[in-house]
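Q: Following this message is one structure expressed as structure tokens.
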Amino acid sequence: MTKRIRIRDIAAASGVSTGAVSRALKGQPGLKEETRQRILSIAQQQGYDFTRLRTDKIRRVLFLLHRQHNITSALSFYSPLLLGVENACRQEGIALSFLALGPMDPVEEQVRLHEPDALLCAGFFEPELLAVLRKMQLPLALVDLWAPDLPSVNPDNVQGGYLATQHLIAQGRRRIAYLASSLAHYSIRQREKGYRQALYEAQLLMPPEYEAIAPPLLDTEAALTQAVEELLALPQRPDAIFAYNDSAALIAMRVCQKQGLTLPQDMAIVGFDDIDSARLAHPPLTTVAIDKAQLGHQALTLLLDAERRVEAQHLAVQLVIRKSAGEEQ
């Protein structure tokens with residue numbers, strides 16, 4: 001039978017008090033970072049069961065968003081998601097705080113300022129940054145993101161991409177492009193998968209240049225604008241665009257209208273997310289709706305799951321048909 005490693009065993013091996021070990025394991029302040037890392041390293045070497053910490057009641061959750069997101073436009077999606085998490089936290093008696101992080105930040109130092117008991121990552125995070133967060137040995141869940149061996153909750157991105165593309169096909173569109181900022185983000189890749197599935201079922205083959213990936217510019221709007229302009233300059237331009245989110249779809253609408261195209265007669269456009277500005281656009285934007293508040297609530301539920309099941313949950317989505325992609329047939 002394997003010996004159960006106790007805090008006092010780690011304290012003896014580290015040459016510190018049991019209180020110092022407890023603070024290090026729980027991520028609490030009051031220790032030099034060098035000392036904290038030494039204690040955690042010894043705990044790992046001795047085979048300490050970090051899951052024992054997770055039985056404690058979570059009282060503080062830190063909501064993390066990547067600095068790579070254009071915060072101004074991203075908040076149209078993440079604000080209602082964050083409010084959904086906050087409402088769920090309020091019901092559970094949990095305090096919620098927010099932090100935007102990038103890979104060049106002193107990640108552990110910034111996170112520990114909030115003294116969280118658990119972390120909730122929303123949206124894109126590169127594997128290297130996730131690895132730093134995982135090293136902190138705090139309960140961690142993902143929302144609008146997926147990574148191996150971590151609990152996550154996402155909209156049903158594949159189904160959403162499928163429904164959006166299927167609707168365009170039903171409207172008689174046969175040259176359907178996919179517009180994305182990058183394929184690095186899990187959600188964007190999944191939405192493209194749904195797009196490809198609908199095309200395959202309809203026996204439609206799109207030329208490779210119809211996959212419009214924005215060039216890696218610092219300004220996302222400028223990059224997406226360039227990608228749409230390149231689509232419109234093709235010898236046979238598309239007659240429809242499925243954009244990976246509403247912000248990109250609205251940019252596509254502006255570029256098309258600036259070049260004299262009429263929507264949806266000359267170009268049908270569908271987005272994803274159903275942010276508030278989608279229904280206010282001219283014409284109103286057809287999109288795939290996500291219950292963002294429910295997504296936030298499910299994310300917290302997953303984080304608090306006492307059994308810590310590592311699974312990927314998917315929230316149902318719904319196609320909202322408006323005039324940018326024709327009326328429902």
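Chain labels follow the order of the structure tokens: the first chain is A, the next B, and so on; residue numbering restarts at 1 in every chain, and ligands are counted from 1 in their shown order.
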Could you write out, as number ranges by chain, all the residues of segment 39-279 of chain A that DSSP marks as strand (DSSP E)?

A: A: 60-66, 95-101, 118-122, 140-143, 152-155, 176-180, 211-213, 240-243, 268-270

Q: Which polymer residues have any atom within 6 Å of an atom of segment 188-205 of chain A, counting only C-alpha atoms, with same-chain residues fewer than 6 positions away left out, as number ranges by chain?

A: A: 157-159, 161-162, 165-166

Q: Next, dump the selected residues to file, keeping only N, CA and C atoms, as a PDB file, in the first residue's frame.

A:
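Output file part.pdb is given in full below:
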```pdb
ATOM      1  N   ASN A 157     -20.150  24.142 -31.583  1.00  0.00           N
ATOM      2  CA  ASN A 157     -19.603  24.887 -32.708  1.00  0.00           C
ATOM      3  C   ASN A 157     -19.756  24.156 -34.034  1.00  0.00           C
ATOM      4  N   VAL A 158     -19.583  22.835 -34.011  1.00  0.00           N
ATOM      5  CA  VAL A 158     -19.720  22.070 -35.251  1.00  0.00           C
ATOM      6  C   VAL A 158     -21.151  22.167 -35.775  1.00  0.00           C
ATOM      7  N   GLN A 159     -22.123  21.978 -34.890  1.00  0.00           N
ATOM      8  CA  GLN A 159     -23.522  22.076 -35.300  1.00  0.00           C
ATOM      9  C   GLN A 159     -23.855  23.475 -35.777  1.00  0.00           C
ATOM     10  N   GLY A 161     -21.803  25.722 -37.179  1.00  0.00           N
ATOM     11  CA  GLY A 161     -21.239  25.913 -38.515  1.00  0.00           C
ATOM     12  C   GLY A 161     -22.034  25.167 -39.573  1.00  0.00           C
ATOM     13  N   TYR A 162     -22.514  24.003 -39.203  1.00  0.00           N
ATOM     14  CA  TYR A 162     -23.322  23.192 -40.116  1.00  0.00           C
ATOM     15  C   TYR A 162     -24.642  23.897 -40.436  1.00  0.00           C
ATOM     16  N   THR A 165     -24.137  27.046 -42.703  1.00  0.00           N
ATOM     17  CA  THR A 165     -23.809  26.721 -44.087  1.00  0.00           C
ATOM     18  C   THR A 165     -24.992  26.053 -44.782  1.00  0.00           C
ATOM     19  N   GLN A 166     -25.681  25.190 -44.066  1.00  0.00           N
ATOM     20  CA  GLN A 166     -26.858  24.523 -44.618  1.00  0.00           C
ATOM     21  C   GLN A 166     -27.916  25.550 -45.027  1.00  0.00           C
TER      22      GLN A 166
END
```

Q: Let me make sure I understand: among A:Ser277, A:Gln257, A:Ser17, A:Thr286, which one has the smallest atom-to-atom distance to Leu31 of chain A if we use only C-alpha atoms?

A: A:Ser17

Q: Excluding Leu319 of chain A and any residue of its chain fewer than 3 positions from it, enumerate the residues within 10 Å of it, using only C-alpha atoms, and give them as a list in words.

A: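 So the residues in contact are Gln159, Gly160, Gly161, Tyr162, Leu163, Ala164, His167, Val270, Gly271, Phe272, Asp273, Asp274, Thr286, Thr287, Val288, Ala289, Ile290 and Arg322 of chain A.
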
Q: Can you write out the residues you just picked, keeping N, CA, C and O atoms, as a PDB file, in the first residue's frame?

A:
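Result file follows (part14.pdb):
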```
ATOM      1  N   GLN A 159     -22.123  21.978 -34.890  1.00  0.00           N
ATOM      2  CA  GLN A 159     -23.522  22.076 -35.300  1.00  0.00           C
ATOM      3  C   GLN A 159     -23.855  23.475 -35.777  1.00  0.00           C
ATOM      4  O   GLN A 159     -24.586  23.653 -36.756  1.00  0.00           O
ATOM      5  N   GLY A 160     -23.313  24.493 -35.100  1.00  0.00           N
ATOM      6  CA  GLY A 160     -23.569  25.872 -35.514  1.00  0.00           C
ATOM      7  C   GLY A 160     -23.033  26.156 -36.903  1.00  0.00           C
ATOM      8  O   GLY A 160     -23.724  26.770 -37.739  1.00  0.00           O
ATOM      9  N   GLY A 161     -21.803  25.722 -37.179  1.00  0.00           N
ATOM     10  CA  GLY A 161     -21.239  25.913 -38.515  1.00  0.00           C
ATOM     11  C   GLY A 161     -22.034  25.167 -39.573  1.00  0.00           C
ATOM     12  O   GLY A 161     -22.225  25.649 -40.702  1.00  0.00           O
ATOM     13  N   TYR A 162     -22.514  24.003 -39.203  1.00  0.00           N
ATOM     14  CA  TYR A 162     -23.322  23.192 -40.116  1.00  0.00           C
ATOM     15  C   TYR A 162     -24.642  23.897 -40.436  1.00  0.00           C
ATOM     16  O   TYR A 162     -25.038  24.006 -41.600  1.00  0.00           O
ATOM     17  N   LEU A 163     -25.335  24.373 -39.393  1.00  0.00           N
ATOM     18  CA  LEU A 163     -26.634  25.044 -39.596  1.00  0.00           C
ATOM     19  C   LEU A 163     -26.485  26.304 -40.447  1.00  0.00           C
ATOM     20  O   LEU A 163     -27.317  26.582 -41.320  1.00  0.00           O
ATOM     21  N   ALA A 164     -25.437  27.085 -40.184  1.00  0.00           N
ATOM     22  CA  ALA A 164     -25.209  28.329 -40.932  1.00  0.00           C
ATOM     23  C   ALA A 164     -24.991  28.028 -42.410  1.00  0.00           C
ATOM     24  O   ALA A 164     -25.601  28.665 -43.293  1.00  0.00           O
ATOM     25  N   HIS A 167     -28.081  26.591 -44.219  1.00  0.00           N
ATOM     26  CA  HIS A 167     -29.053  27.632 -44.561  1.00  0.00           C
ATOM     27  C   HIS A 167     -28.651  28.357 -45.844  1.00  0.00           C
ATOM     28  O   HIS A 167     -29.507  28.623 -46.706  1.00  0.00           O
ATOM     29  N   VAL A 270     -23.569  35.231 -43.062  1.00  0.00           N
ATOM     30  CA  VAL A 270     -24.014  34.653 -41.788  1.00  0.00           C
ATOM     31  C   VAL A 270     -22.877  34.754 -40.786  1.00  0.00           C
ATOM     32  O   VAL A 270     -21.711  34.516 -41.123  1.00  0.00           O
ATOM     33  N   GLY A 271     -23.213  35.118 -39.546  1.00  0.00           N
ATOM     34  CA  GLY A 271     -22.216  35.199 -38.478  1.00  0.00           C
ATOM     35  C   GLY A 271     -22.419  34.113 -37.433  1.00  0.00           C
ATOM     36  O   GLY A 271     -23.082  33.098 -37.690  1.00  0.00           O
ATOM     37  N   PHE A 272     -21.857  34.348 -36.265  1.00  0.00           N
ATOM     38  CA  PHE A 272     -21.940  33.372 -35.173  1.00  0.00           C
ATOM     39  C   PHE A 272     -21.807  34.130 -33.858  1.00  0.00           C
ATOM     40  O   PHE A 272     -20.927  34.978 -33.728  1.00  0.00           O
ATOM     41  N   ASP A 273     -22.651  33.865 -32.901  1.00  0.00           N
ATOM     42  CA  ASP A 273     -22.645  34.394 -31.528  1.00  0.00           C
ATOM     43  C   ASP A 273     -23.931  35.122 -31.166  1.00  0.00           C
ATOM     44  O   ASP A 273     -24.344  35.133 -30.022  1.00  0.00           O
ATOM     45  N   ASP A 274     -24.556  35.828 -32.134  1.00  0.00           N
ATOM     46  CA  ASP A 274     -25.742  36.654 -31.887  1.00  0.00           C
ATOM     47  C   ASP A 274     -25.477  37.711 -30.818  1.00  0.00           C
ATOM     48  O   ASP A 274     -26.179  37.803 -29.807  1.00  0.00           O
ATOM     49  N   THR A 286     -28.053  37.528 -40.078  1.00  0.00           N
ATOM     50  CA  THR A 286     -28.344  36.129 -39.770  1.00  0.00           C
ATOM     51  C   THR A 286     -27.158  35.561 -38.993  1.00  0.00           C
ATOM     52  O   THR A 286     -26.000  35.808 -39.346  1.00  0.00           O
ATOM     53  N   THR A 287     -27.446  34.808 -37.943  1.00  0.00           N
ATOM     54  CA  THR A 287     -26.351  34.352 -37.082  1.00  0.00           C
ATOM     55  C   THR A 287     -26.735  33.086 -36.340  1.00  0.00           C
ATOM     56  O   THR A 287     -27.892  32.640 -36.397  1.00  0.00           O
ATOM     57  N   VAL A 288     -25.759  32.505 -35.662  1.00  0.00           N
ATOM     58  CA  VAL A 288     -25.984  31.346 -34.804  1.00  0.00           C
ATOM     59  C   VAL A 288     -25.968  31.838 -33.362  1.00  0.00           C
ATOM     60  O   VAL A 288     -24.970  32.401 -32.900  1.00  0.00           O
ATOM     61  N   ALA A 289     -27.083  31.673 -32.669  1.00  0.00           N
ATOM     62  CA  ALA A 289     -27.234  32.224 -31.323  1.00  0.00           C
ATOM     63  C   ALA A 289     -26.717  31.257 -30.267  1.00  0.00           C
ATOM     64  O   ALA A 289     -26.941  30.047 -30.345  1.00  0.00           O
ATOM     65  N   ILE A 290     -26.022  31.832 -29.295  1.00  0.00           N
ATOM     66  CA  ILE A 290     -25.524  31.096 -28.127  1.00  0.00           C
ATOM     67  C   ILE A 290     -26.158  31.716 -26.887  1.00  0.00           C
ATOM     68  O   ILE A 290     -26.180  32.943 -26.754  1.00  0.00           O
ATOM     69  N   ARG A 322     -32.127  36.238 -40.311  1.00  0.00           N
ATOM     70  CA  ARG A 322     -32.469  37.644 -40.557  1.00  0.00           C
ATOM     71  C   ARG A 322     -32.153  37.965 -42.031  1.00  0.00           C
ATOM     72  O   ARG A 322     -31.775  37.080 -42.796  1.00  0.00           O
TER      73      ARG A 322
END
```

Q: Just list the residues in segment 188-232 of chain A DSSP gives alpha helix (DSSP H) on the backbone, as a list in words.

A: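 Of segment 188-232 of chain A, the ones in alpha helix (DSSP H) are Ile188, Arg189, Gln190, Arg191, Glu192, Lys193, Gly194, Tyr195, Arg196, Gln197, Ala198, Leu199, Tyr200, Glu201, Thr220, Glu221, Ala222, Ala223, Leu224, Thr225, Gln226, Ala227, Val228, Glu229, Glu230, Leu231 and Leu232 of chain A.
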
Q: Please produce, as a tab-separated table, a per-residue contact table for segment 87-111 of chain A versus segment 124-143 of chain A (criterion: any atom at most 9 Å away, only C-alpha atoms considered), showing the nearest atom pair and its distance in Å to one decimal, sorted by chain then residue number.

A:
```
residue	atom	partner	partner_atom	distance
A:Leu101	CA	A:Leu129	CA	9.0
A:Gly102	CA	A:Leu129	CA	7.8
A:Pro103	CA	A:Leu129	CA	5.9
A:Val107	CA	A:Val132	CA	7.5
A:Glu108	CA	A:Leu133	CA	7.4
A:Val111	CA	A:Leu133	CA	8.8
```

Q: Could you pull the residues within 6 Å of segment 172-183 of chain A, counting only C-alpha atoms, minus those fewer than 2 positions along the same chain, as a ChimeraX atom specification?

A: /A:168-170,185,188-189,210-214,238-244

Q: Looking at A:Val85, A:Leu304, A:Leu315, A:Leu261, which one is nearest to Lys57 of chain A, with distances taken over only C-alpha atoms?

A: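 Among A:Val85, A:Leu304, A:Leu315, A:Leu261, it is A:Leu304 that comes nearest to Lys57 of chain A.
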
Q: What separation in Å, quoted to one decimal, exists between atom CA of Thr301 of chain A and atom CA of Arg112 of chain A?

A: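 Interatomic distance here is 22.7 Å.
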
Q: Show me, as a list in words, the residues that have an atom within 6 Å of segment 5-11 of chain A when counting only C-alpha atoms, minus same-chain residues fewer than 4 positions from it.

A: Gly15, Val16, Ser17, Thr18, Ala43 and Tyr48 of chain A

Q: Counting only C-alpha atoms, figure out which residue out of A:His66, A:Glu33, A:Gln45, A:Gln91 gets nearest to Glu109 of chain A.

A: A:Glu33

Q: For atom CA of Ala95 of chain A and atom CA of Tyr78 of chain A, quote the distance in Å rounded to one decimal.

A: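 Between these atoms lies a distance of 18.2 Å.
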
Q: Can you measure atom CA of Ala222 of chain A to atom CA of Gly123 of chain A for me? One decimal in Å is fine.

A: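 That distance, rounded to one decimal, is 21.1 Å.
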
Q: Name all residues at most 10 Å from segment 281-284 of chain A (count only C-alpha atoms; drop same-chain ones fewer than 2 positions away) and give them as number ranges by chain.

A: A: 250, 253-254, 262-264, 276-279, 286-287, 321-326
